[in-house]
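Heads up, target-v3.txt below (compact mmCIF, C-alpha atoms):
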# COMPACT_ATOMS: atom_id res chain seq x y z
CA MET A 168 -57.13 -19.53 -111.63
CA ASP A 169 -53.95 -17.79 -112.79
CA GLY A 170 -53.97 -15.14 -110.07
CA PRO A 171 -53.41 -11.37 -110.21
CA LEU A 172 -49.60 -11.70 -110.49
CA ALA A 173 -49.68 -14.26 -113.30
CA ASN A 174 -47.75 -11.91 -115.61
CA LEU A 175 -44.73 -11.81 -113.28
CA LYS A 176 -41.74 -14.13 -113.56
CA VAL A 177 -39.73 -14.52 -110.37
CA ILE A 178 -36.36 -16.21 -109.91
CA GLU A 179 -35.78 -17.35 -106.32
CA LEU A 180 -32.17 -17.76 -105.27
CA GLY A 181 -32.86 -17.96 -101.55
CA THR A 182 -32.79 -20.71 -98.95
CA LEU A 183 -34.50 -21.38 -95.63
CA ILE A 184 -36.95 -18.68 -94.61
CA ALA A 185 -36.78 -14.99 -95.57
CA GLY A 186 -36.14 -15.26 -99.32
CA PRO A 187 -38.32 -18.32 -99.90
CA TYR A 188 -41.21 -16.88 -97.88
CA CYS A 189 -41.04 -13.66 -99.91
CA ALA A 190 -41.20 -15.67 -103.14
CA ARG A 191 -43.94 -17.89 -101.73
CA LEU A 192 -46.20 -14.88 -101.14
CA LEU A 193 -45.73 -13.86 -104.77
CA ALA A 194 -46.39 -17.43 -105.94
CA GLU A 195 -49.60 -17.62 -103.94
CA PHE A 196 -51.03 -14.82 -106.07
CA GLY A 197 -50.03 -16.35 -109.39
CA ALA A 198 -46.46 -15.28 -110.11
CA GLU A 199 -44.35 -17.89 -111.88
CA VAL A 200 -41.67 -18.60 -109.29
CA ILE A 201 -38.65 -20.60 -110.43
CA LYS A 202 -36.79 -21.75 -107.35
CA ILE A 203 -33.11 -22.53 -107.87
CA GLU A 204 -31.84 -25.34 -105.62
CA THR A 205 -28.51 -27.11 -105.27
CA PRO A 206 -28.53 -30.50 -107.08
CA GLY A 207 -28.63 -33.45 -104.70
CA GLU A 208 -29.19 -31.24 -101.68
CA GLY A 209 -31.95 -28.73 -102.22
CA ASP A 210 -33.06 -26.04 -99.85
CA PRO A 211 -32.00 -26.99 -96.28
CA LEU A 212 -35.59 -26.29 -95.23
CA ARG A 213 -36.48 -29.61 -96.83
CA LYS A 214 -34.91 -31.27 -93.78
CA TRP A 215 -36.13 -28.93 -91.02
CA ARG A 216 -38.53 -30.07 -88.29
CA LYS A 217 -41.05 -32.85 -89.01
CA LEU A 218 -40.28 -34.93 -92.11
CA HIS A 219 -42.66 -36.85 -94.38
CA GLN A 220 -41.65 -38.72 -97.54
CA GLY A 221 -38.16 -37.25 -97.31
CA ASN A 222 -39.22 -33.61 -97.07
CA SER A 223 -40.23 -31.46 -94.13
CA LEU A 224 -43.92 -30.76 -93.79
CA TRP A 225 -42.95 -27.09 -93.66
CA TRP A 226 -41.52 -27.45 -97.17
CA TYR A 227 -44.87 -28.34 -98.71
CA ALA A 228 -46.24 -24.97 -97.56
CA GLN A 229 -43.14 -22.82 -98.09
CA ALA A 230 -42.60 -24.04 -101.66
CA ARG A 231 -46.21 -24.27 -102.84
CA ASN A 232 -46.80 -23.07 -106.39
CA LYS A 233 -43.04 -22.93 -107.09
CA LYS A 234 -41.08 -24.70 -109.81
CA SER A 235 -37.98 -26.48 -108.51
CA VAL A 236 -34.96 -26.24 -110.80
CA ALA A 237 -31.76 -27.84 -109.54
CA VAL A 238 -28.75 -25.78 -110.66
CA ASN A 239 -25.22 -25.64 -109.23
CA LEU A 240 -24.53 -21.92 -108.85
CA ARG A 241 -20.83 -22.56 -108.26
CA GLU A 242 -20.45 -23.87 -111.81
CA PRO A 243 -20.04 -21.35 -114.67
CA ASP A 244 -22.62 -23.23 -116.75
CA GLY A 245 -25.03 -23.08 -113.81
CA GLN A 246 -24.48 -19.34 -113.49
CA ALA A 247 -25.14 -19.01 -117.22
CA ILE A 248 -28.52 -20.73 -116.78
CA VAL A 249 -29.56 -18.20 -114.13
CA ARG A 250 -28.38 -15.29 -116.28
CA ASN A 251 -30.51 -16.63 -119.14
CA LEU A 252 -33.51 -16.99 -116.84
CA ALA A 253 -33.05 -13.43 -115.57
CA LYS A 254 -33.10 -11.93 -119.07
CA ASP A 255 -36.89 -11.92 -119.15
CA ALA A 256 -37.59 -12.13 -115.42
CA ASP A 257 -39.39 -9.40 -113.52
CA ILE A 258 -38.06 -10.11 -110.03
CA VAL A 259 -35.09 -11.92 -108.55
CA VAL A 260 -35.33 -12.75 -104.84
CA GLU A 261 -32.12 -13.63 -102.99
CA ASN A 262 -30.97 -13.89 -99.39
CA PHE A 263 -27.28 -14.73 -99.64
CA ARG A 264 -24.69 -12.81 -97.68
CA PRO A 265 -23.87 -9.53 -99.52
CA GLY A 266 -21.21 -10.06 -102.16
CA THR A 267 -21.99 -13.72 -102.82
CA LEU A 268 -23.97 -13.16 -106.00
CA GLU A 269 -21.37 -10.73 -107.29
CA LYS A 270 -18.74 -13.45 -106.83
CA TRP A 271 -20.85 -15.69 -109.07
CA ARG A 272 -21.41 -12.87 -111.60
CA LEU A 273 -25.10 -12.81 -110.68
CA GLY A 274 -25.28 -9.44 -108.92
CA TYR A 275 -27.79 -6.78 -109.89
CA ASP A 276 -25.35 -4.77 -111.99
CA GLN A 277 -24.51 -7.90 -113.97
CA LEU A 278 -28.07 -9.18 -114.43
CA SER A 279 -29.59 -5.79 -115.23
CA ARG A 280 -27.25 -5.26 -118.19
CA ASP A 281 -29.46 -7.63 -120.15
CA ASN A 282 -32.69 -6.64 -118.40
CA ALA A 283 -32.97 -2.98 -117.43
CA GLY A 284 -36.41 -3.52 -115.90
CA LEU A 285 -35.28 -6.22 -113.47
CA VAL A 286 -36.18 -5.79 -109.80
CA MET A 287 -33.93 -7.57 -107.32
CA VAL A 288 -35.11 -8.16 -103.76
CA ARG A 289 -32.07 -8.60 -101.52
CA LEU A 290 -32.79 -9.87 -98.01
CA SER A 291 -29.91 -10.07 -95.55
CA GLY A 292 -29.21 -9.73 -91.87
CA PHE A 293 -27.84 -6.19 -91.98
CA GLY A 294 -28.47 -4.87 -95.50
CA GLN A 295 -26.26 -4.26 -98.51
CA SER A 296 -24.33 -1.37 -96.97
CA GLY A 297 -22.95 -0.30 -93.60
CA PRO A 298 -20.22 -1.66 -91.32
CA TYR A 299 -22.12 -4.87 -90.45
CA LYS A 300 -23.13 -5.86 -93.98
CA GLU A 301 -20.79 -8.87 -94.24
CA ARG A 302 -21.81 -10.38 -90.92
CA PRO A 303 -23.99 -13.51 -91.00
CA GLY A 304 -27.44 -12.64 -89.71
CA PHE A 305 -30.37 -14.97 -89.10
CA GLY A 306 -33.82 -13.91 -87.95
CA ALA A 307 -32.94 -14.40 -84.29
CA ILE A 308 -30.17 -11.82 -84.60
CA GLY A 309 -32.46 -9.41 -86.42
CA GLU A 310 -35.12 -9.79 -83.72
CA SER A 311 -32.50 -9.03 -81.07
CA MET A 312 -30.88 -6.07 -82.79
CA GLY A 313 -34.22 -4.71 -83.97
CA GLY A 314 -35.53 -4.37 -80.42
CA MET A 315 -38.14 -7.15 -80.34
CA ARG A 316 -36.33 -9.56 -78.02
CA TYR A 317 -35.65 -6.81 -75.47
CA VAL A 318 -39.36 -6.22 -74.86
CA THR A 319 -40.52 -9.85 -75.09
CA GLY A 320 -41.02 -11.81 -71.86
CA TYR A 321 -41.25 -10.95 -68.18
CA PRO A 322 -39.13 -8.27 -66.47
CA ASP A 323 -37.63 -10.66 -63.92
CA ARG A 324 -36.45 -13.19 -66.52
CA ALA A 325 -34.19 -13.33 -69.55
CA PRO A 326 -35.67 -12.07 -72.85
CA VAL A 327 -37.47 -14.77 -74.82
CA ARG A 328 -38.20 -15.38 -78.48
CA VAL A 329 -41.52 -15.53 -80.21
CA GLY A 330 -42.13 -19.20 -81.02
CA ILE A 331 -41.76 -18.70 -84.77
CA SER A 332 -39.16 -17.11 -87.08
CA ILE A 333 -40.93 -13.76 -86.97
CA GLY A 334 -37.90 -11.68 -88.02
CA ASP A 335 -37.48 -13.60 -91.26
CA SER A 336 -41.19 -13.42 -92.02
CA LEU A 337 -41.38 -9.68 -91.42
CA ALA A 338 -38.41 -9.13 -93.73
CA ALA A 339 -40.08 -11.30 -96.37
CA MET A 340 -43.26 -9.23 -96.26
CA PHE A 341 -41.30 -6.00 -96.59
CA GLY A 342 -39.56 -7.66 -99.54
CA VAL A 343 -42.93 -8.25 -101.22
CA ILE A 344 -44.01 -4.67 -100.54
CA GLY A 345 -40.75 -3.40 -102.02
CA ALA A 346 -40.94 -5.69 -105.03
CA LEU A 347 -44.48 -4.71 -105.98
CA THR A 348 -43.74 -1.03 -105.34
CA ALA A 349 -40.72 -1.23 -107.66
CA ILE A 350 -42.77 -3.06 -110.31
CA HIS A 351 -45.42 -0.35 -110.11
CA GLN A 352 -42.77 2.36 -110.54
CA ARG A 353 -41.24 0.46 -113.46
CA ALA A 354 -44.47 0.97 -115.38
CA THR A 355 -43.60 4.68 -115.50
CA SER A 356 -39.82 4.63 -115.82
CA GLY A 357 -39.19 1.31 -117.56
CA LYS A 358 -36.36 0.76 -115.10
CA GLY A 359 -35.92 -1.78 -112.33
CA GLN A 360 -34.07 -1.31 -109.07
CA VAL A 361 -32.76 -3.05 -105.96
CA VAL A 362 -35.00 -3.62 -102.94
CA ASP A 363 -32.65 -3.79 -99.95
CA VAL A 364 -34.28 -5.40 -96.89
CA ALA A 365 -32.29 -5.91 -93.70
CA LEU A 366 -33.82 -8.29 -91.16
CA TYR A 367 -33.05 -6.05 -88.21
CA GLU A 368 -34.66 -3.07 -89.96
CA ALA A 369 -37.82 -5.05 -90.73
CA VAL A 370 -38.12 -5.81 -87.01
CA PHE A 371 -37.22 -2.25 -85.98
CA ALA A 372 -39.98 -0.92 -88.23
CA MET A 373 -42.50 -2.75 -85.98
CA MET A 374 -41.36 -1.14 -82.75
CA GLU A 375 -44.27 1.32 -82.53
CA SER A 376 -43.56 4.33 -80.29
CA MET A 377 -40.26 3.14 -78.83
CA LEU A 378 -37.98 5.52 -80.74
CA PRO A 379 -39.87 8.81 -80.29
CA GLU A 380 -40.45 8.01 -76.61
CA TYR A 381 -36.73 7.46 -76.10
CA GLY A 382 -35.69 10.44 -78.21
CA MET A 383 -38.01 12.87 -76.46
CA GLY A 384 -37.62 11.80 -72.84
CA GLY A 385 -35.07 9.00 -72.63
CA PHE A 386 -37.81 6.44 -71.89
CA VAL A 387 -36.79 2.82 -72.49
CA ARG A 388 -39.66 0.37 -72.86
CA GLU A 389 -39.00 -2.76 -70.81
CA ARG A 390 -40.43 -6.28 -70.77
CA SER A 391 -43.91 -6.38 -69.31
CA GLY A 392 -45.04 -9.99 -69.63
CA ALA A 393 -48.60 -10.35 -70.88
CA SER A 394 -49.70 -6.78 -70.21
CA LEU A 395 -49.48 -3.78 -72.50
CA PRO A 396 -48.18 -0.89 -70.35
CA GLY A 397 -49.79 2.46 -70.97
CA ILE A 398 -52.94 0.92 -72.47
CA VAL A 399 -55.41 -0.19 -69.79
CA PRO A 400 -56.96 -2.67 -69.36
CA SER A 401 -55.19 -4.95 -71.82
CA ASN A 402 -53.83 -8.13 -70.28
CA THR A 403 -54.06 -11.89 -69.90
CA TYR A 404 -56.01 -13.18 -66.91
CA PRO A 405 -56.29 -16.63 -65.28
CA CYS A 406 -59.61 -18.47 -65.17
CA ARG A 407 -60.92 -21.00 -62.63
CA ASP A 408 -60.29 -24.00 -64.90
CA GLY A 409 -56.59 -23.19 -65.31
CA LYS A 410 -57.03 -21.57 -68.72
CA TYR A 411 -56.35 -17.96 -69.67
CA VAL A 412 -58.37 -15.21 -71.28
CA VAL A 413 -56.97 -12.27 -73.21
CA ILE A 414 -58.97 -9.07 -72.69
CA GLY A 415 -58.57 -5.78 -74.55
CA ALA A 416 -61.02 -3.37 -72.93
CA ASN A 417 -58.90 -0.27 -73.33
CA ALA A 418 -61.37 1.81 -75.38
CA ASP A 419 -63.33 4.12 -73.12
CA SER A 420 -66.83 2.86 -73.95
CA ILE A 421 -65.72 -0.77 -73.89
CA PHE A 422 -64.18 -0.29 -70.44
CA LYS A 423 -67.50 0.98 -69.11
CA ARG A 424 -69.42 -1.97 -70.59
CA MET A 425 -66.98 -4.46 -69.14
CA MET A 426 -67.03 -3.03 -65.64
CA ARG A 427 -70.80 -3.18 -65.57
CA ALA A 428 -70.81 -6.72 -66.97
CA ILE A 429 -68.52 -8.00 -64.21
CA GLY A 430 -70.39 -6.23 -61.42
CA HIS A 431 -68.32 -3.06 -60.93
CA ALA A 432 -70.66 -0.27 -62.02
CA ALA A 433 -68.94 2.17 -59.67
CA LEU A 434 -65.69 1.80 -61.59
CA ALA A 435 -67.56 2.18 -64.87
CA ASP A 436 -68.98 5.51 -63.69
CA ASP A 437 -65.81 6.79 -61.99
CA PRO A 438 -64.88 10.00 -63.88
CA ALA A 439 -61.20 9.42 -63.05
CA LEU A 440 -61.32 6.23 -65.16
CA ALA A 441 -63.21 7.69 -68.12
CA ASN A 442 -60.06 7.98 -70.21
CA ASN A 443 -56.98 5.81 -70.73
CA ASP A 444 -54.55 8.18 -69.03
CA GLY A 445 -56.61 8.00 -65.83
CA ARG A 446 -56.83 4.22 -66.02
CA VAL A 447 -53.07 3.91 -66.47
CA LYS A 448 -52.58 5.48 -63.04
CA ARG A 449 -54.71 2.70 -61.51
CA THR A 450 -53.43 -0.23 -63.61
CA ALA A 451 -52.72 -2.49 -60.64
CA GLU A 452 -56.18 -1.92 -59.16
CA LEU A 453 -58.01 -2.63 -62.41
CA ASP A 454 -55.94 -5.73 -63.18
CA ARG A 455 -56.66 -7.01 -59.66
CA VAL A 456 -60.43 -6.46 -60.03
CA ILE A 457 -60.58 -8.12 -63.43
CA GLY A 458 -58.29 -10.99 -62.39
CA GLU A 459 -60.37 -11.72 -59.30
CA TRP A 460 -63.50 -11.92 -61.46
CA THR A 461 -61.99 -14.21 -64.11
CA ALA A 462 -60.53 -16.47 -61.40
CA ARG A 463 -64.06 -17.19 -60.12
CA HIS A 464 -65.28 -18.50 -63.50
CA ASP A 465 -64.31 -21.05 -66.14
CA LEU A 466 -63.03 -19.69 -69.43
CA ASP A 467 -66.20 -20.45 -71.39
CA GLU A 468 -68.31 -18.51 -68.90
CA VAL A 469 -65.88 -15.58 -68.94
CA LEU A 470 -66.04 -15.45 -72.72
CA ARG A 471 -69.84 -15.70 -72.71
CA VAL A 472 -70.20 -12.70 -70.41
CA LEU A 473 -67.66 -10.60 -72.27
CA GLU A 474 -69.05 -11.43 -75.69
CA GLU A 475 -72.53 -10.43 -74.56
CA ALA A 476 -71.04 -7.11 -73.38
CA GLU A 477 -69.19 -6.75 -76.70
CA VAL A 478 -65.80 -6.69 -75.02
CA PRO A 479 -62.87 -7.87 -77.20
CA SER A 480 -61.68 -11.10 -75.61
CA GLY A 481 -60.53 -14.55 -76.53
CA ARG A 482 -58.91 -17.80 -75.60
CA ILE A 483 -55.25 -18.48 -76.41
CA TYR A 484 -55.37 -20.95 -79.31
CA SER A 485 -53.17 -23.97 -79.79
CA ILE A 486 -52.87 -25.32 -83.32
CA ALA A 487 -55.49 -27.93 -82.36
CA ASP A 488 -57.87 -25.12 -81.41
CA ILE A 489 -57.17 -23.38 -84.71
CA VAL A 490 -57.98 -26.44 -86.83
CA ALA A 491 -61.22 -27.05 -84.91
CA ASP A 492 -62.42 -23.44 -85.02
CA MET A 493 -65.46 -22.83 -87.22
CA HIS A 494 -64.37 -19.30 -88.13
CA TYR A 495 -61.01 -20.50 -89.48
CA GLN A 496 -62.90 -23.10 -91.49
CA ALA A 497 -65.49 -20.66 -92.80
CA ARG A 498 -62.76 -18.28 -93.96
CA GLY A 499 -60.91 -21.03 -95.84
CA MET A 500 -57.85 -20.78 -93.61
CA ILE A 501 -57.43 -24.55 -93.22
CA GLU A 502 -56.67 -26.00 -96.65
CA ARG A 503 -56.76 -29.76 -97.14
CA HIS A 504 -54.55 -31.39 -99.77
CA LYS A 505 -53.47 -34.92 -100.67
CA LEU A 506 -49.92 -36.06 -99.91
CA GLY A 507 -49.80 -39.60 -101.18
CA ASP A 508 -52.58 -41.41 -99.35
CA GLU A 509 -52.62 -38.93 -96.49
CA GLU A 510 -54.17 -35.55 -95.89
CA LEU A 511 -51.92 -32.51 -95.71
CA LEU A 512 -53.15 -29.35 -93.98
CA LEU A 513 -51.81 -26.05 -95.25
CA PRO A 514 -52.60 -22.51 -94.06
CA GLY A 515 -54.99 -20.53 -96.20
CA ILE A 516 -53.77 -17.56 -98.22
CA VAL A 517 -53.73 -14.01 -96.87
CA PRO A 518 -55.02 -11.47 -97.81
CA LYS A 519 -58.40 -12.32 -99.31
CA LEU A 520 -58.96 -10.65 -102.68
CA SER A 521 -62.60 -10.47 -103.74
CA ARG A 522 -62.10 -10.81 -107.51
CA THR A 523 -58.65 -12.36 -108.03
CA PRO A 524 -57.84 -14.37 -104.92
CA GLY A 525 -54.65 -16.31 -104.37
CA ALA A 526 -54.68 -20.10 -104.52
CA THR A 527 -52.60 -23.20 -103.86
CA ARG A 528 -52.12 -24.71 -107.30
CA TRP A 529 -49.67 -27.37 -106.11
CA ILE A 530 -47.74 -28.17 -102.96
CA GLY A 531 -43.96 -27.96 -102.59
CA PRO A 532 -42.34 -29.91 -105.47
CA ARG A 533 -39.70 -32.63 -105.58
CA LEU A 534 -36.11 -31.44 -105.91
CA GLY A 535 -35.47 -30.60 -109.56
CA GLU A 536 -39.01 -31.55 -110.59
CA HIS A 537 -39.18 -28.73 -113.14
CA THR A 538 -35.54 -28.60 -114.29
CA GLY A 539 -36.19 -30.16 -117.70
CA GLU A 540 -39.31 -28.09 -118.34
CA VAL A 541 -37.63 -24.77 -117.49
CA LEU A 542 -34.41 -25.47 -119.39
CA ALA A 543 -36.33 -26.63 -122.42
CA ALA A 544 -38.22 -23.34 -122.41
CA LEU A 545 -34.82 -21.59 -122.50
CA GLY A 546 -33.93 -23.54 -125.63
CA TYR A 547 -31.79 -26.33 -124.19
CA THR A 548 -32.15 -29.64 -126.03
CA GLU A 549 -32.70 -32.95 -124.24
CA GLY A 550 -29.14 -33.92 -125.05
CA GLU A 551 -27.74 -30.69 -123.59
CA ILE A 552 -29.82 -31.09 -120.43
CA GLU A 553 -28.64 -34.68 -120.00
CA ALA A 554 -25.00 -33.62 -120.49
CA LEU A 555 -25.41 -30.95 -117.81
CA ARG A 556 -26.91 -33.54 -115.47
CA LYS A 557 -23.97 -35.89 -115.96
CA ARG A 558 -21.56 -33.09 -115.06
CA GLY A 559 -23.53 -32.18 -111.93
CA VAL A 560 -24.45 -28.73 -113.22
CA VAL A 561 -28.17 -29.45 -112.98
CA GLY A 562 -30.25 -32.08 -111.25
Output the structure of this file as structure tokens.
Amino acid sequence: MDGPLANLKVIELGTLIAGPYCARLLAEFGAEVIKIETPGEGDPLRKWRKLHQGNSLWWYAQARNKKSVAVNLREPDGQAIVRNLAKDADIVVENFRPGTLEKWRLGYDQLSRDNAGLVMVRLSGFGQSGPYKERPGFGAIGESMGGMRYVTGYPDRAPVRVGISIGDSLAAMFGVIGALTAIHQRATSGKGQVVDVALYEAVFAMMESMLPEYGMGGFVRERSGASLPGIVPSNTYPCRDGKYVVIGANADSIFKRMMRAIGHAALADDPALANNDGRVKRTAELDRVIGEWTARHDLDEVLRVLEEAEVPSGRIYSIADIVADMHYQARGMIERHKLGDEELLLPGIVPKLSRTPGATRWIGPRLGEHTGEVLAALGYTEGEIEALRKRGVVG
């Protein structure tokens, strides 16, 4: 299947996470993504974490459906190749430090002269303007400045990180939203534009009620561990077998069902607990009651009781739990591919489209695997491509 974005041509000039993940999401739904990599080196992500056959296992997911073209962007002839590619491209995705592309004569003003409809997604730590724009900024810095790290962890300990590069991924998704919004607007105006995504702003956009609460009353949300202050009961509770259950019984009717299911009908019928604001005042009491009940039972029994009472609850999954789970399997979220003689597991594609779903057409390619194909389509002869290879312009 070609996918719903099959008419879009995307040039990816990014490395590591934010830019490549943005382009990956477009590629999963059929866009032709031409990934530009440095000859002989490639995207540094190729060497991150667990390696297999010379590439990281992460790479095979992050670069699926992309064409790898090895071009030295520091060489004038390499820059000329990208300018030629951009002439009929729809989107350019880049995550260099602001000013870098302009130095290489690949900035938006330069590329859009030959392609007025071009959309450029620019992902950076602090955005393309402002006093911090030239600072280096990885996802960890964006998570910290955006407010996420401050509220993550327990109040008596140092702030902690989420175990994945969430700041980069959030910025990437905002990049996709911006790109497709700009493409939609182009259909009316015929003009492209720049999509400016700052990592810290992508994180800040997720901070729920923190800003209005501070602006109105000076309230600063603090770290609260596994609980969700102000929404009760919503917490993580220990079970008898040493495992944990996550329970979200904060809707009024669900709270009543849960209290009856665990043997506390009096609390279910207490008018002072009928609404969330009343329950917030008695958070400690309710957490104690629920925690004492879960501690008397193994996790499976806790889940059985709560599921019968239709109370949102669940175990905390490891990746082993995820792979074994029948719902993940039924929804196609565990894809199985061949990597040589071995099986490679990749995450399924989100979201699910009923008529034109995304698909994995191929896994992350070898460095420069598509260089000849792409340059030939631009009109380069075999002799010209070979001469560029000998000079280190392409790989």
- Query: From the list A:His431, A:Arg328, A:His464, A:Arg424, which residue is nearest Val412 in chain A when using all atoms listed in the file?
  - Reply: A:His464
- Go through A:Gln220, A:Val447, A:Met374, A:Gly531 one by one, measure the shortest atom-to-atom distance of each to Glu509 in chain A using all atoms listed in the file, and give the residue with the smallest value.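 Result for the nearest residue to Glu509 in chain A: A:Gln220.
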- Using all atoms listed in the file, pick whichever of A:Thr267, A:Thr403, A:Asn239, A:Thr461 has the shortest atom-to-atom distance to Lys300 in chain A.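 Of A:Thr267, A:Thr403, A:Asn239, A:Thr461, the one nearest Lys300 in chain A, counting all atoms listed in the file, is A:Thr267.
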Please produce, as a Markdown table, a per-residue contact table for range 282-359 of chain A versus range 186-192 of chain A (criterion: any atom at most 12 Å away, all atoms listed in the file considered), showing the nearest atom pair and its distance in Å to one decimal, sorted by chain then residue number.
| residue | atom | partner | partner_atom | distance |
| --- | --- | --- | --- | --- |
| A:Met287 | CA | A:Gly186 | CA | 11.3 |
| A:Val288 | CA | A:Gly186 | CA | 8.4 |
| A:Arg289 | CA | A:Gly186 | CA | 8.1 |
| A:Leu290 | CA | A:Gly186 | CA | 6.5 |
| A:Ser291 | CA | A:Gly186 | CA | 8.9 |
| A:Gly292 | CA | A:Gly186 | CA | 11.6 |
| A:Phe305 | CA | A:Gly186 | CA | 11.7 |
| A:Gly306 | CA | A:Gly186 | CA | 11.7 |
| A:Ser332 | CA | A:Tyr188 | CA | 11.0 |
| A:Ile333 | CA | A:Tyr188 | CA | 11.4 |
| A:Gly334 | CA | A:Tyr188 | CA | 11.6 |
| A:Asp335 | CA | A:Tyr188 | CA | 8.3 |
| A:Ser336 | CA | A:Tyr188 | CA | 6.8 |
| A:Leu337 | CA | A:Cys189 | CA | 9.4 |
| A:Ala338 | CA | A:Cys189 | CA | 8.1 |
| A:Ala339 | CA | A:Cys189 | CA | 4.4 |
| A:Met340 | CA | A:Cys189 | CA | 6.2 |
| A:Phe341 | CA | A:Cys189 | CA | 8.4 |
| A:Gly342 | CA | A:Cys189 | CA | 6.2 |
| A:Val343 | CA | A:Cys189 | CA | 5.9 |
| A:Ile344 | CA | A:Cys189 | CA | 9.5 |
| A:Gly345 | CA | A:Cys189 | CA | 10.5 |
| A:Ala346 | CA | A:Cys189 | CA | 9.5 |
| A:Leu347 | CA | A:Cys189 | CA | 11.3 |
- Task: Taking the point (-19.8, -23.3, -118.0) as given in the file, collect each protein or nucleic acid residue that comes within 12 Å of it, counting all atoms listed in the file, and present the set as a PyMOL selection string.
- Result: chain A and resi 238-250+271+554-555+558-561
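Our summary of the geometry notes that CA of Val259 in chain A is positioned 19.0 Å from CA of Phe293 in chain A.
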- Message: When you count all atoms listed in the file, which of these residues is closest to Ile421 in chain A: A:Asp467, A:Ser391, A:Ser480, A:Thr319?
- Response: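 Checking each candidate against Ile421 in chain A, we get A:Ser480 as the closest.
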- Query: What separation in Å, quoted to one decimal, exists between CA of Ala372 in chain A and CA of Gly313 in chain A?
  - Reply: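 One can read the CA of Ala372 in chain A to CA of Gly313 in chain A distance as 8.1 Å.
Residues in contact with Ala393 in chain A at 8 Å, where only C-alpha atoms are counted and same-chain residues fewer than 4 positions away are skipped, are listed as Gly320, Tyr321, Asn402 and Thr403 of chain A.
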